[in-house]
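Peer 1: Sharing a structure, written as structure tokens. Questions coming.
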Amino acid sequence: MTTTSSAPGVAWIAGVGASAGLGAAVARRYAKEGLTIALTGRTASRLDAVAAEIRGAGGQAHVIAGDVSNEAEAGRIAAAVVALGPVHAAVFNVGNAVRGGALELTAAQFEETWRGSTLAGFLFAREAVRALLENGRSAASGHGRGSLIFTGATASVRGGARFAAFASAKAGLRSLAQSLARDFGPQGIHIAHVVVDGGIDGERLRDAAPQRVAEAGADGLLDPNAIAETYWQLHAQHRSAWTLELDVRPYREHF
């Protein structure tokens, strides 16, 4: 087992839902390295299930349910996370996709999508950066003070038809990550943005589009555990060669 320090600290994972999802996969991967996992999402029962899996495998996990798109809630959750120990890693995996043409979308739908990705990302990042700056690790250490990773999407870099709200929100989140990297990279915090370009083979897609899953074939969708491995490798990077952005996609995906 490899860790970035002798005291692995806490990893705060926001946007954890079903066990067969990316947030849960990232939580399990970080727990494997000895970090104490703080699980955040809106559904406590799902968080409890993921926490039980981690504990069953010998890891440490704590459930802190709530909505990070709400400023007061984000602050409350962050305080509970910091109380667990020094925060060394944070992952923002929150998002809500609304599909519809510009003539169909309501202003409320557009704003809700923005709040679920861009605003939530800002509120989470603000709390996570504060915790990372105060975790006691030196910015001059090989891995700096820790990492903050954002989950992006194809829409982060390309606005598709009928995705005006989602693309706007995800592009905003990407720009936020870039600004944060320039602000806090020199202070020892590794900010990274991952463009997930393709369908994730998780519960959400399997329930919503089983035909797409069947048509994709072997490895035609992104394996959540494989994405989680990429997140861990980003977190473990030496500060002399940090990555700001990378993309992951199935080998058969058109791009």
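Chain identifiers are assigned as A, B, and so on, following the order in which chains appear in the structure tokens; residues are numbered from 1 within each chain, and ligands are numbered from 1 in order of appearance.
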Quick one: pick out all helix (DSSP H, G or I) residues within region 13-237 of chain A from a backbone DSSP run and write them as JSON, numbers by chain.

Peer 2: {"A": [22, 23, 24, 25, 26, 27, 28, 29, 30, 31, 32, 44, 45, 46, 47, 48, 49, 50, 51, 52, 53, 54, 55, 56, 71, 72, 73, 74, 75, 76, 77, 78, 79, 80, 81, 82, 107, 108, 109, 110, 111, 112, 113, 114, 115, 116, 117, 118, 119, 120, 121, 122, 123, 124, 125, 126, 127, 128, 129, 130, 131, 132, 133, 154, 155, 156, 164, 165, 166, 167, 168, 169, 170, 171, 172, 173, 174, 175, 176, 177, 178, 179, 180, 181, 182, 183, 184, 185, 186, 187, 203, 204, 205, 206, 207, 208, 210, 211, 212, 213, 214, 215, 216, 224, 225, 226, 227, 228, 229, 230, 231, 232, 233, 234, 235, 236]}

Peer 1: Neighbouring residues of Arg46 (chain A) were defined as those with any atom within 10 Å, considering only C-alpha atoms; residues of the same chain fewer than 5 positions away were excluded. Please report them as JSON, numbers by chain.

Peer 2: {"A": [16, 17, 18, 19, 24, 39, 41, 51, 52, 63, 65]}

Peer 1: Output N, CA and C atoms of each residue in that selection to a file, as a PDB file, in the first residue's frame.

Peer 2:
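Result saved to result09.pdb:
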```
ATOM      1  N   VAL A  16     -21.659  11.170  -3.538  1.00  0.00           N
ATOM      2  CA  VAL A  16     -21.672   9.713  -3.416  1.00  0.00           C
ATOM      3  C   VAL A  16     -23.122   9.256  -3.418  1.00  0.00           C
ATOM      4  N   GLY A  17     -23.428   8.355  -4.338  1.00  0.00           N
ATOM      5  CA  GLY A  17     -24.781   7.827  -4.428  1.00  0.00           C
ATOM      6  C   GLY A  17     -24.774   6.315  -4.306  1.00  0.00           C
ATOM      7  N   ALA A  18     -25.166   5.644  -5.383  1.00  0.00           N
ATOM      8  CA  ALA A  18     -25.244   4.192  -5.381  1.00  0.00           C
ATOM      9  C   ALA A  18     -23.868   3.566  -5.239  1.00  0.00           C
ATOM     10  N   SER A  19     -23.835   2.366  -4.687  1.00  0.00           N
ATOM     11  CA  SER A  19     -22.577   1.633  -4.562  1.00  0.00           C
ATOM     12  C   SER A  19     -21.937   1.417  -5.925  1.00  0.00           C
ATOM     13  N   ALA A  24     -18.831   6.326  -5.083  1.00  0.00           N
ATOM     14  CA  ALA A  24     -18.551   5.199  -4.196  1.00  0.00           C
ATOM     15  C   ALA A  24     -17.240   4.524  -4.576  1.00  0.00           C
ATOM     16  N   LEU A  39     -18.048  10.694   3.597  1.00  0.00           N
ATOM     17  CA  LEU A  39     -18.979  10.504   2.481  1.00  0.00           C
ATOM     18  C   LEU A  39     -20.095  11.539   2.541  1.00  0.00           C
ATOM     19  N   GLY A  41     -23.482  13.161   0.413  1.00  0.00           N
ATOM     20  CA  GLY A  41     -24.488  13.043  -0.631  1.00  0.00           C
ATOM     21  C   GLY A  41     -25.826  13.401  -0.025  1.00  0.00           C
ATOM     22  N   ALA A  51     -20.569   3.258   3.213  1.00  0.00           N
ATOM     23  CA  ALA A  51     -19.743   3.259   4.424  1.00  0.00           C
ATOM     24  C   ALA A  51     -19.595   1.847   4.977  1.00  0.00           C
ATOM     25  N   ALA A  52     -20.670   1.070   4.933  1.00  0.00           N
ATOM     26  CA  ALA A  52     -20.618  -0.305   5.431  1.00  0.00           C
ATOM     27  C   ALA A  52     -19.665  -1.149   4.592  1.00  0.00           C
ATOM     28  N   VAL A  63     -20.374   9.004   7.504  1.00  0.00           N
ATOM     29  CA  VAL A  63     -21.452   9.560   6.689  1.00  0.00           C
ATOM     30  C   VAL A  63     -21.783  10.968   7.168  1.00  0.00           C
ATOM     31  N   ALA A  65     -24.266  13.462   5.534  1.00  0.00           N
ATOM     32  CA  ALA A  65     -25.225  13.743   4.467  1.00  0.00           C
ATOM     33  C   ALA A  65     -25.537  15.229   4.400  1.00  0.00           C
TER      34      ALA A  65
END
```

Peer 1: Would you pick out the contacts of Ala11 (chain A) at 7 Å or less, using only C-alpha atoms, so that residues sharing its chain but fewer than 4 positions from it are not included, and give the list as a ChimeraX atom specification?

Peer 2: /A:35-38,87-90

Peer 1: To one decimal place in Å, what is the distance between CA of Asn225 (chain A) and CA of Asn135 (chain A)?

Peer 2: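 Atom-to-atom, CA of Asn225 (chain A) and CA of Asn135 (chain A) are spaced 27.7 Å apart.
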
Peer 1: Give me, as an NGL selection string, all polymer residues having an atom no more than 9 Å from region 234-247 of chain A, counting only C-alpha atoms and skipping those fewer than 5 positions away in the same chain.

Peer 2: :A and (2-4 or 89 or 140-144 or 146-149 or 152-154 or 177-178 or 181 or 188 or 190-197 or 229)

Peer 1: Produce a file of the selected residues containing N, CA and C atoms, as a PDB file, in the first residue's frame.

Peer 2:
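Saved file selection06.pdb follows:
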```pdb
ATOM      1  N   THR A   2       0.553   2.202  -0.873  1.00  0.00           N
ATOM      2  CA  THR A   2       1.306   3.441  -0.926  1.00  0.00           C
ATOM      3  C   THR A   2       0.444   4.592  -0.472  1.00  0.00           C
ATOM      4  N   THR A   3       1.033   5.519   0.255  1.00  0.00           N
ATOM      5  CA  THR A   3       0.319   6.705   0.710  1.00  0.00           C
ATOM      6  C   THR A   3       1.189   7.913   0.480  1.00  0.00           C
ATOM      7  N   THR A   4       0.577   9.110   0.515  1.00  0.00           N
ATOM      8  CA  THR A   4       1.330  10.324   0.270  1.00  0.00           C
ATOM      9  C   THR A   4       1.982  10.865   1.525  1.00  0.00           C
ATOM     10  N   ALA A  89      -7.394  15.135   0.998  1.00  0.00           N
ATOM     11  CA  ALA A  89      -7.931  14.944  -0.349  1.00  0.00           C
ATOM     12  C   ALA A  89      -9.402  15.324  -0.365  1.00  0.00           C
ATOM     13  N   ALA A 140       5.793  22.432   0.558  1.00  0.00           N
ATOM     14  CA  ALA A 140       7.048  22.022  -0.062  1.00  0.00           C
ATOM     15  C   ALA A 140       7.242  20.509  -0.072  1.00  0.00           C
ATOM     16  N   SER A 141       6.309  19.762   0.531  1.00  0.00           N
ATOM     17  CA  SER A 141       6.438  18.309   0.504  1.00  0.00           C
ATOM     18  C   SER A 141       6.202  17.816  -0.919  1.00  0.00           C
ATOM     19  N   GLY A 142       6.642  16.613  -1.213  1.00  0.00           N
ATOM     20  CA  GLY A 142       6.534  16.099  -2.576  1.00  0.00           C
ATOM     21  C   GLY A 142       5.131  16.146  -3.133  1.00  0.00           C
ATOM     22  N   HIS A 143       4.136  15.980  -2.268  1.00  0.00           N
ATOM     23  CA  HIS A 143       2.753  15.959  -2.719  1.00  0.00           C
ATOM     24  C   HIS A 143       1.981  17.201  -2.264  1.00  0.00           C
ATOM     25  N   GLY A 144       2.697  18.198  -1.798  1.00  0.00           N
ATOM     26  CA  GLY A 144       2.042  19.419  -1.387  1.00  0.00           C
ATOM     27  C   GLY A 144       1.112  19.207  -0.208  1.00  0.00           C
ATOM     28  N   GLY A 146      -2.073  18.469  -0.497  1.00  0.00           N
ATOM     29  CA  GLY A 146      -3.150  17.552  -0.830  1.00  0.00           C
ATOM     30  C   GLY A 146      -3.777  17.909  -2.158  1.00  0.00           C
ATOM     31  N   SER A 147      -4.907  17.283  -2.458  1.00  0.00           N
ATOM     32  CA  SER A 147      -5.516  17.448  -3.778  1.00  0.00           C
ATOM     33  C   SER A 147      -7.001  17.742  -3.698  1.00  0.00           C
ATOM     34  N   LEU A 148      -7.482  18.426  -4.722  1.00  0.00           N
ATOM     35  CA  LEU A 148      -8.904  18.694  -4.931  1.00  0.00           C
ATOM     36  C   LEU A 148      -9.200  18.352  -6.379  1.00  0.00           C
ATOM     37  N   ILE A 149     -10.044  17.341  -6.599  1.00  0.00           N
ATOM     38  CA  ILE A 149     -10.340  16.851  -7.940  1.00  0.00           C
ATOM     39  C   ILE A 149     -11.813  17.046  -8.257  1.00  0.00           C
ATOM     40  N   GLY A 152     -15.584  16.168 -14.325  1.00  0.00           N
ATOM     41  CA  GLY A 152     -16.155  16.872 -15.467  1.00  0.00           C
ATOM     42  C   GLY A 152     -16.835  15.896 -16.412  1.00  0.00           C
ATOM     43  N   ALA A 153     -17.222  16.393 -17.578  1.00  0.00           N
ATOM     44  CA  ALA A 153     -17.941  15.576 -18.552  1.00  0.00           C
ATOM     45  C   ALA A 153     -17.608  16.060 -19.958  1.00  0.00           C
ATOM     46  N   THR A 154     -18.079  15.328 -20.954  1.00  0.00           N
ATOM     47  CA  THR A 154     -17.922  15.770 -22.336  1.00  0.00           C
ATOM     48  C   THR A 154     -18.415  17.209 -22.475  1.00  0.00           C
ATOM     49  N   ALA A 177     -12.188  25.279 -11.826  1.00  0.00           N
ATOM     50  CA  ALA A 177     -11.021  24.450 -11.510  1.00  0.00           C
ATOM     51  C   ALA A 177      -9.738  25.105 -11.999  1.00  0.00           C
ATOM     52  N   GLN A 178      -9.781  25.691 -13.188  1.00  0.00           N
ATOM     53  CA  GLN A 178      -8.596  26.356 -13.731  1.00  0.00           C
ATOM     54  C   GLN A 178      -8.187  27.541 -12.861  1.00  0.00           C
ATOM     55  N   ALA A 181      -6.703  26.328  -9.586  1.00  0.00           N
ATOM     56  CA  ALA A 181      -5.356  25.781  -9.767  1.00  0.00           C
ATOM     57  C   ALA A 181      -4.322  26.894  -9.815  1.00  0.00           C
ATOM     58  N   GLY A 188       0.575  24.885  -2.782  1.00  0.00           N
ATOM     59  CA  GLY A 188       0.743  23.477  -2.477  1.00  0.00           C
ATOM     60  C   GLY A 188      -0.493  22.621  -2.587  1.00  0.00           C
ATOM     61  N   HIS A 190      -2.975  20.630  -5.087  1.00  0.00           N
ATOM     62  CA  HIS A 190      -3.097  20.123  -6.443  1.00  0.00           C
ATOM     63  C   HIS A 190      -4.569  20.125  -6.844  1.00  0.00           C
ATOM     64  N   ILE A 191      -4.920  20.980  -7.784  1.00  0.00           N
ATOM     65  CA  ILE A 191      -6.284  21.043  -8.322  1.00  0.00           C
ATOM     66  C   ILE A 191      -6.284  20.332  -9.663  1.00  0.00           C
ATOM     67  N   ALA A 192      -7.229  19.427  -9.867  1.00  0.00           N
ATOM     68  CA  ALA A 192      -7.313  18.707 -11.133  1.00  0.00           C
ATOM     69  C   ALA A 192      -8.770  18.575 -11.574  1.00  0.00           C
ATOM     70  N   HIS A 193      -8.969  18.543 -12.891  1.00  0.00           N
ATOM     71  CA  HIS A 193     -10.296  18.411 -13.484  1.00  0.00           C
ATOM     72  C   HIS A 193     -10.259  17.225 -14.442  1.00  0.00           C
ATOM     73  N   VAL A 194     -11.185  16.272 -14.261  1.00  0.00           N
ATOM     74  CA  VAL A 194     -11.211  15.066 -15.085  1.00  0.00           C
ATOM     75  C   VAL A 194     -12.425  15.101 -16.002  1.00  0.00           C
ATOM     76  N   VAL A 195     -12.174  15.097 -17.303  1.00  0.00           N
ATOM     77  CA  VAL A 195     -13.252  15.064 -18.292  1.00  0.00           C
ATOM     78  C   VAL A 195     -13.644  13.603 -18.515  1.00  0.00           C
ATOM     79  N   VAL A 196     -14.796  13.222 -18.010  1.00  0.00           N
ATOM     80  CA  VAL A 196     -15.297  11.865 -18.193  1.00  0.00           C
ATOM     81  C   VAL A 196     -16.097  11.856 -19.497  1.00  0.00           C
ATOM     82  N   ASP A 197     -15.476  11.361 -20.546  1.00  0.00           N
ATOM     83  CA  ASP A 197     -16.035  11.446 -21.898  1.00  0.00           C
ATOM     84  C   ASP A 197     -16.650  10.107 -22.292  1.00  0.00           C
ATOM     85  N   GLU A 229      -9.254   4.743 -10.060  1.00  0.00           N
ATOM     86  CA  GLU A 229      -7.811   4.531 -10.066  1.00  0.00           C
ATOM     87  C   GLU A 229      -7.096   5.757 -10.636  1.00  0.00           C
TER      88      GLU A 229
END
```

Peer 1: Could you tell me how far CA of Lys170 (chain A) lies from CA of Leu133 (chain A), in Å and to one decimal?

Peer 2: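 Between these atoms lies a distance of 25.7 Å.
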
Peer 1: With only C-alpha atoms as the atoms that count, which of A:Ala165, A:Ala209, A:Val81, A:Val50 lies nearest to Glu112 (chain A)?

Peer 2: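 Closest residue, counting only C-alpha atoms: A:Ala165.
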
Peer 1: Neighbouring residues of Arg252 (chain A) were defined as those with any atom within 7 Å, considering only C-alpha atoms; residues of the same chain fewer than 2 positions away were excluded. Please report them as a ChimeraX atom specification.

Peer 2: /A:220,250,254

Peer 1: Using only C-alpha atoms, find each residue in region 158-203 of chain A having at least one atom no more than 12 Å away from region 211-217 of chain A; report its shortest atom-to-atom pair and that distance in Å (one decimal), rows by chain then rising number, as CSV.

Peer 2:
```
residue,atom,partner,partner_atom,distance
A:Gly198,CA,A:Ala216,CA,10.6
A:Gly199,CA,A:Val213,CA,8.7
A:Ile200,CA,A:Val213,CA,9.4
A:Asp201,CA,A:Val213,CA,7.4
A:Gly202,CA,A:Val213,CA,9.6
A:Glu203,CA,A:Val213,CA,10.7
```

Peer 1: Could you check the closest approach to Arg158 (chain A) for each of A:Gly95, A:Tyr231, A:Phe255, A:Leu205 and tell me which residue wins, using only C-alpha atoms?

Peer 2: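 With only C-alpha atoms as the atom set, the closest residue is A:Phe255.
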
Peer 1: Check the DSSP output for the backbone and give back, as a list in words, the residues of region 60-218 of chain A in strand (DSSP E or B).

Peer 2: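 Of region 60-218 of chain A, only Gln60, Ala61, His62, Val63, Val87, His88, Ala89, Ala90, Val91, Phe92, Gly100, Gly146, Ser147, Leu148, Ile149, Phe150, Thr151, Gly152, Ala153, Phe163, Ile189, His190, Ile191, Ala192, His193, Val194, Val195, Val196 and Ile200 of chain A fall in strand (DSSP E or B).
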
Peer 1: Can you tell me, as an MDAnalysis selection string, what residues are no more than 7 Å from Gly15 (chain A) when counting only C-alpha atoms, ignoring any on the same chain fewer than 6 positions away?

Peer 2: chainID A and resid 23 40:41 92:94

Peer 1: Go ahead and save the picked residues with C-alpha atoms, as a compact mmCIF listing (two decimals), in the first residue's frame.

Peer 2:
```
# COMPACT_ATOMS: atom_id res chain seq x y z
CA GLY A 23 -18.43 8.50 -6.04
CA THR A 40 -21.31 13.30 1.39
CA GLY A 41 -24.49 13.04 -0.63
CA PHE A 92 -16.26 16.91 -6.13
CA ASN A 93 -18.44 14.41 -7.99
CA VAL A 94 -21.72 16.32 -7.82
```

Peer 1: So, with only C-alpha atoms as the atoms that count, which of A:Ile189, A:Ala226, A:Ala169, A:Ala44 lies closest to Ala131 (chain A)?

Peer 2: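 Under the stated criterion, the closest residue is A:Ile189.
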
Peer 1: Between A:Ala72, A:Leu222, A:Ala107, A:Val82, which residue has the minimum interatomic distance to Leu22 (chain A), considering only C-alpha atoms?

Peer 2: A:Leu222

Peer 1: Show me a table, sorted first by chain and then by increasing residue number, of the residues of region 113-142 of chain A having an atom at most 7 Å from region 172-176 of chain A, each with its shortest atom pair and the distance in Å to one decimal, counting only C-alpha atoms and written as JSON lines.

Peer 2:
```
{"residue": "A:Ser117", "atom": "CA", "partner": "A:Leu173", "partner_atom": "CA", "distance": 6.5}
{"residue": "A:Thr118", "atom": "CA", "partner": "A:Leu173", "partner_atom": "CA", "distance": 4.8}
{"residue": "A:Gly121", "atom": "CA", "partner": "A:Leu173", "partner_atom": "CA", "distance": 6.5}
```

Peer 1: Could you check which of A:Pro86, A:Gly185, A:Gly101, A:Gly116 is closest to Glu134 (chain A), using only C-alpha atoms?

Peer 2: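 Smallest separation from Glu134 (chain A) among the options: A:Pro86.
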